[in-house]
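Trainee: Can you keep this structure in mind? I'll have questions shortly.
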Protein chains: 2
Amino acid sequence: MPKDARSRLTELLENEWGRLGVEGWNAGWIDLPSRLGAKIASLIGADPDEVIVCDSTTVDFFKLVSAALRMSGRKVVVTDDATFPSNGYVLQGCVERSALRVVTSADGISNPESAVIDSLDETVALLTLNHATFKSGWLYGIDILTKAAHERGALVLWDLCHSVGVVPIDLKRAGADLAVGCTYKYLNGGPGAPAFMYVRRDLQERMTSPIQGWFGQANAFSFEMPYAPAPGIRRFMAGTPPILSMAAIEAGLDLTLEAGLTAIRSKSIALTEFAIRLWEDRLAPLGITLNSPRDPEKRGGHVSFGHPDAFAIDRALIEHMRVVPDFRTPDNIRYGFGPLYNTFDDVYEGVERMRRVVAEGTFGGIDPGDRKVT
Amino acid sequence: MPKDARSRLTELLENEWGRLGVEGWNAGWIDLPSRLGAKIASLIGADPDEVIVCDSTTVDFFKLVSAALRMSGRKVVVTDDATFPSNGYVLQGCVERSALRVVTSADGISNPESAVIDSLDETVALLTLNHATFKSGWLYGIDILTKAAHERGALVLWDLCHSVGVVPIDLKRAGADLAVGCTYKYLNGGPGAPAFMYVRRDLQERMTSPIQGWFGQANAFSFEMPYAPAPGIRRFMAGTPPILSMAAIEAGLDLTLEAGLTAIRSKSIALTEFAIRLWEDRLAPLGITLNSPRDPEKRGGHVSFGHPDAFAIDRALIEHMRVVPDFRTPDNIRYGFGPLYNTFDDVYEGVERMRRVVAEGTFGGIDPGDRKVT
């Protein structure tokens, strides 16, 4: 938690909700979605009016997939088998079964980009991928894939959840169409903090949200029927935004902007390179695999290790070693390094403690059925 | 703001987000949607496993309208012209134009229930109404209208935003099918606090959400494809819930449960009756109309007054008289009385200050174009 998140929330409780009540909407709350959106825009190479913060990544992803299909005359959607499951579930819910094309990617262990490009043809409405995949951290090339999709008349929707705030992104250079992302990983926005969505400016007036809510209406407080979409990106909002969770986002965002993505990326690469060097010396000899790309240019901010007993090792690290990685089925242990607060000593301890757990076999007796959120 | 909301948020920041980080999910966050849902269930006559807190009212309303239409073989949806606009916008977005039937209600100035019943026939998939309408506060009869819809084989979706926490509701007695509601009016859940949804138990396994997200998946952390809806009400969740805004809800909810809806409703009726008596003496002679039902049994917790210069009067009250009503187009000034904190003196001052503004004509010079959120 960024220290400033605490003071911002205290201010919000004391002087806004607690003192102004409903008038807080006129004292800044109403502008939070676009104000935070403008700050995120500067991290992803977008213009301030191309990004808005609202709802969850899942809901925003649903809105943009539905809107893209409605705008396009085509039906086919292409994704890969390394996509974050919630995106896959959304696609299974709103794309006809026969029209969903899933590319086998090996999650970036070998380069899947040519397989993705080969899957594109003139029937494809939308290509959607996670910029950094959630298990291996493989970084897809936004420029090359956006270009390939555009050449076949398809739109591209990027999920930036695992890259925003740790990898420099330039959506404008790529001519990217659509994107979503969360604010609670590298941006430190707080538990379940609302997501953001990006729609390239010239597409905004051509697309409409499937969820027509009053915050996306041209004049929300005119209370007029029928629905008329707001001009610009605001039309993709739905209901009233959760202000406490929204306000907390800004502290982490400001820290990221202050540090700058060049410095953050540079430290991130140094952290993950160090982790991989330590893995080579200490973990590989124990049969632990590296499940992330070796090339730092094709790797996001996290590093994954593989072991058949990954679940038990993960729990042992959390319960006995004060290291908190993410277990990802079936055999994946993910270390997410936050360049704003993780040190090289943290990386060393994280790897060395995993070595001790595996070398000493202290992960026995943990039942994989006792699966918690990790 | 309930005082306990501040201590709960401080605890969350210091000891959960700030200390536990991601492990907070295992320390209670993950259960918040159903734990809060169970408390709300006791206010609306539902079982604990029939209510969940997630997303906004607009998004939840979209999910239930879509799910109801998908389950029903029919296409027609009936609502009234007093519905909250966001609901109307959602309906216009996901119901075919020819299949949306809007009953003229006069917003409860005369009883619209027979007109609603007359509009129901064997083509109707869904009837959806605001239990208490947002302008007049007219209270629809949940029992009689649910019965009438069921007799014609239609489902009913109640919007409880303007009644939950101030009017006792018994969904079980009515055999109600579906409901949504917000937590930030009489429940004092905080600005933009997440909404709740109710699905009668026997319908839960027969309906699926149009937004298939990982929090609605049978095992969110198995990361398995394909999507399989979670058993029960949890299948209607989508993405990661905004924990700060969720956690703040509980304080107001606990206060409501402690006071009890019988006492709250009794004080609410006394407050609104007092307001109407004062209107009769002080406002009616100035040409201000009563835009709410006279019969307390058919009136929710707010009272609306009408005047051609309502917007200017509303702004004058806010800017010069420290009274904060809601202006609702075209001519409506709404006083929402919170029985947990508003006194009879507040009611007196609210009416008396409006009398002074109108009698002294001190509302001139306010430009209706300068419309803020109220």
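In the structure tokens, chains take letters A, B, ... by order of appearance, with residues numbered from 1 within each chain and ligands from 1 in the order shown.
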Select residues of chain B: the criterion is any atom within 7 Å of an atom of chain A, counting only C-alpha atoms; output as a PyMOL selection string.
Mentor: chain B and resi 1+6+13+17-18+25-26+55-59+62+85-86+89-90+93+191-194+210-214+221-223+226-227+238-245+329+372-373
Trainee: Pick out the residues sitting within 12 Å of region 261-265 of chain A, and hand them over as a PyMOL selection string; count only C-alpha atoms, and ignore anything fewer than 2 positions along from it in its own chain.
Mentor: chain A and resi 40+42-45+163-170+186-187+253-259+267-273+296-297+299-302+337-342
Trainee: Could you give me the residues within region 76-252 of chain A that DSSP places in alpha helix (DSSP H), as a PyMOL selection string?
Mentor: chain A and resi 85-94+113-119+142-151+171-174+201-204+243-247+249-252
Trainee: Once you have the residues from the selection above, write them out as a short mmCIF file (atom, residue, chain, number, x, y, z; two decimals), in the first residue's frame, restricted to N, CA and C atoms.
Mentor:
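What landed in again_2.cif:
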data_model
loop_
_atom_site.label_atom_id
_atom_site.label_comp_id
_atom_site.auth_asym_id
_atom_site.auth_seq_id
_atom_site.Cartn_x
_atom_site.Cartn_y
_atom_site.Cartn_z
N PRO A 85 -7.90 -16.68 -17.58
CA PRO A 85 -9.17 -17.40 -17.72
C PRO A 85 -10.41 -16.51 -17.74
N SER A 86 -10.44 -15.42 -16.96
CA SER A 86 -11.65 -14.60 -16.95
C SER A 86 -11.95 -14.06 -18.35
N ASN A 87 -10.90 -13.73 -19.10
CA ASN A 87 -11.10 -13.28 -20.48
C ASN A 87 -11.66 -14.43 -21.32
N GLY A 88 -11.11 -15.62 -21.13
CA GLY A 88 -11.61 -16.78 -21.86
C GLY A 88 -13.08 -17.05 -21.55
N TYR A 89 -13.44 -16.92 -20.27
CA TYR A 89 -14.84 -17.16 -19.86
C TYR A 89 -15.77 -16.14 -20.52
N VAL A 90 -15.34 -14.87 -20.52
CA VAL A 90 -16.15 -13.83 -21.16
C VAL A 90 -16.35 -14.16 -22.63
N LEU A 91 -15.26 -14.54 -23.29
CA LEU A 91 -15.35 -14.86 -24.73
C LEU A 91 -16.30 -16.03 -24.96
N GLN A 92 -16.19 -17.07 -24.10
CA GLN A 92 -17.09 -18.21 -24.26
C GLN A 92 -18.55 -17.80 -24.06
N GLY A 93 -18.78 -16.72 -23.31
CA GLY A 93 -20.15 -16.27 -23.03
C GLY A 93 -20.71 -15.37 -24.10
N CYS A 94 -19.85 -14.68 -24.86
CA CYS A 94 -20.44 -13.71 -25.80
C CYS A 94 -19.95 -13.88 -27.22
N GLU A 113 4.16 -15.85 -31.82
CA GLU A 113 3.61 -14.75 -32.61
C GLU A 113 3.27 -15.15 -34.04
N SER A 114 4.11 -16.01 -34.63
CA SER A 114 3.80 -16.40 -36.02
C SER A 114 2.53 -17.24 -36.06
N ALA A 115 2.31 -18.07 -35.02
CA ALA A 115 1.07 -18.87 -34.97
C ALA A 115 -0.14 -17.95 -34.86
N VAL A 116 -0.01 -16.88 -34.08
CA VAL A 116 -1.12 -15.92 -33.96
C VAL A 116 -1.38 -15.27 -35.32
N ILE A 117 -0.30 -14.82 -35.96
CA ILE A 117 -0.45 -14.14 -37.26
C ILE A 117 -1.08 -15.10 -38.29
N ASP A 118 -0.63 -16.36 -38.27
CA ASP A 118 -1.19 -17.34 -39.21
C ASP A 118 -2.69 -17.56 -39.00
N SER A 119 -3.17 -17.33 -37.79
CA SER A 119 -4.59 -17.60 -37.50
C SER A 119 -5.49 -16.48 -37.98
N ILE A 142 3.11 -5.68 -29.40
CA ILE A 142 1.88 -4.94 -29.70
C ILE A 142 1.93 -4.38 -31.13
N ASP A 143 3.09 -3.85 -31.51
CA ASP A 143 3.19 -3.22 -32.84
C ASP A 143 2.95 -4.23 -33.96
N ILE A 144 3.70 -5.33 -33.91
CA ILE A 144 3.66 -6.27 -35.03
C ILE A 144 2.29 -6.95 -35.14
N LEU A 145 1.70 -7.27 -34.00
CA LEU A 145 0.41 -7.99 -34.04
C LEU A 145 -0.74 -7.06 -34.39
N THR A 146 -0.67 -5.82 -33.92
CA THR A 146 -1.70 -4.86 -34.30
C THR A 146 -1.65 -4.64 -35.82
N LYS A 147 -0.43 -4.52 -36.34
CA LYS A 147 -0.26 -4.31 -37.78
C LYS A 147 -0.80 -5.51 -38.57
N ALA A 148 -0.48 -6.70 -38.11
CA ALA A 148 -0.94 -7.91 -38.81
C ALA A 148 -2.46 -8.00 -38.81
N ALA A 149 -3.07 -7.66 -37.68
CA ALA A 149 -4.54 -7.70 -37.59
C ALA A 149 -5.16 -6.65 -38.51
N HIS A 150 -4.59 -5.45 -38.47
CA HIS A 150 -5.14 -4.37 -39.30
C HIS A 150 -5.06 -4.71 -40.79
N GLU A 151 -3.98 -5.39 -41.17
CA GLU A 151 -3.83 -5.76 -42.58
C GLU A 151 -4.95 -6.68 -43.06
N LEU A 171 0.62 2.67 -27.22
CA LEU A 171 -0.53 2.29 -28.03
C LEU A 171 -0.67 3.17 -29.26
N LYS A 172 -0.28 4.43 -29.13
CA LYS A 172 -0.42 5.34 -30.27
C LYS A 172 0.51 4.91 -31.41
N ARG A 173 1.77 4.60 -31.07
CA ARG A 173 2.72 4.18 -32.10
C ARG A 173 2.22 2.94 -32.83
N ALA A 174 1.61 2.01 -32.04
CA ALA A 174 1.11 0.77 -32.63
C ALA A 174 -0.19 0.98 -33.40
N ARG A 201 -9.37 7.20 -30.20
CA ARG A 201 -10.34 8.29 -30.30
C ARG A 201 -11.31 8.15 -31.48
N ASP A 202 -10.77 7.78 -32.65
CA ASP A 202 -11.65 7.74 -33.83
C ASP A 202 -12.63 6.57 -33.77
N LEU A 203 -12.42 5.62 -32.86
CA LEU A 203 -13.37 4.51 -32.71
C LEU A 203 -14.48 4.84 -31.70
N GLN A 204 -14.23 5.82 -30.85
CA GLN A 204 -15.15 6.06 -29.74
C GLN A 204 -16.57 6.35 -30.19
N ILE A 243 -16.41 5.06 -5.25
CA ILE A 243 -15.46 6.16 -5.05
C ILE A 243 -14.30 5.81 -4.11
N LEU A 244 -14.55 5.10 -3.02
CA LEU A 244 -13.44 4.81 -2.10
C LEU A 244 -12.36 4.02 -2.83
N SER A 245 -12.76 2.99 -3.56
CA SER A 245 -11.78 2.17 -4.29
C SER A 245 -11.14 2.94 -5.44
N MET A 246 -11.90 3.85 -6.04
CA MET A 246 -11.35 4.66 -7.13
C MET A 246 -10.28 5.62 -6.60
N ALA A 247 -10.62 6.29 -5.50
CA ALA A 247 -9.72 7.34 -4.99
C ALA A 247 -8.38 6.76 -4.57
N ILE A 249 -6.65 4.59 -5.94
CA ILE A 249 -5.77 4.28 -7.08
C ILE A 249 -4.70 5.34 -7.29
N GLU A 250 -5.06 6.59 -6.98
CA GLU A 250 -4.22 7.70 -7.42
C GLU A 250 -2.82 7.71 -6.80
N ALA A 251 -2.72 7.25 -5.55
CA ALA A 251 -1.41 7.30 -4.88
C ALA A 251 -0.39 6.44 -5.61
N GLY A 252 -0.75 5.21 -5.95
CA GLY A 252 0.17 4.32 -6.65
C GLY A 252 0.50 4.82 -8.05
#
Trainee: Report as an MDAnalysis selection string all protein, DNA and RNA residues lying within 7 Å of region 357-364 of chain A, evaluated on only C-alpha atoms, omitting residues in the same chain fewer than 5 positions from it.
Mentor: chainID A and resid 312:313 316
Trainee: Using N, CA, C and O atoms, can you export the residues from the last selection as a short mmCIF file (atom, residue, chain, number, x, y, z; two decimals), in the first residue's frame?
Mentor:
data_model
loop_
_atom_site.label_atom_id
_atom_site.label_comp_id
_atom_site.auth_asym_id
_atom_site.auth_seq_id
_atom_site.Cartn_x
_atom_site.Cartn_y
_atom_site.Cartn_z
N ALA A 312 2.31 -27.43 -3.20
CA ALA A 312 2.80 -27.62 -1.83
C ALA A 312 3.99 -26.70 -1.53
O ALA A 312 4.10 -26.15 -0.43
N ILE A 313 4.85 -26.51 -2.52
CA ILE A 313 5.99 -25.61 -2.33
C ILE A 313 5.50 -24.18 -2.09
O ILE A 313 5.96 -23.48 -1.19
N ALA A 316 4.09 -23.87 1.39
CA ALA A 316 5.17 -23.89 2.39
C ALA A 316 5.87 -22.54 2.44
O ALA A 316 6.19 -22.02 3.52
#
Trainee: Compare A:Tyr140, A:Trp279, A:Tyr184, A:Phe134 by their minimum atom-to-atom distance to Arg353 (chain A), counting only C-alpha atoms, and give me the closest one.
Mentor: A:Trp279
Trainee: Mind checking which residues fall within 10 Å of Leu64 (chain A), counting only C-alpha atoms, ignoring those fewer than 5 positions away in the same chain, and posting them as a list in words?
Mentor: Val59, Leu69, Arg70, Leu157, Leu178, Ala179, Val180, Met197, Tyr198, Val199, Met207, Thr208, Ser209, Pro210 and Phe236 of chain A
Trainee: Quick one: residues within 10 Å of Lys135 (chain A), only C-alpha atoms, excluding same-chain residues fewer than 4 positions away - as a list in words?
Mentor: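 Neighbouring residues, sequence-local ones excluded: Ala82, Thr83, Phe84, Asp107, Gly108, His162, Asn291, Ser292, His302, Val303, Ser304, Phe305, Asp326, Phe327, Arg328, Thr329, Asn332, Ile333, Arg334 and Tyr335 of chain A.
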Trainee: Which distance in Å separates CA of Leu12 (chain A) and CA of Leu32 (chain A), to one decimal?
Mentor: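 Taking CA of Leu12 (chain A) and CA of Leu32 (chain A), their separation equals 12.7 Å.
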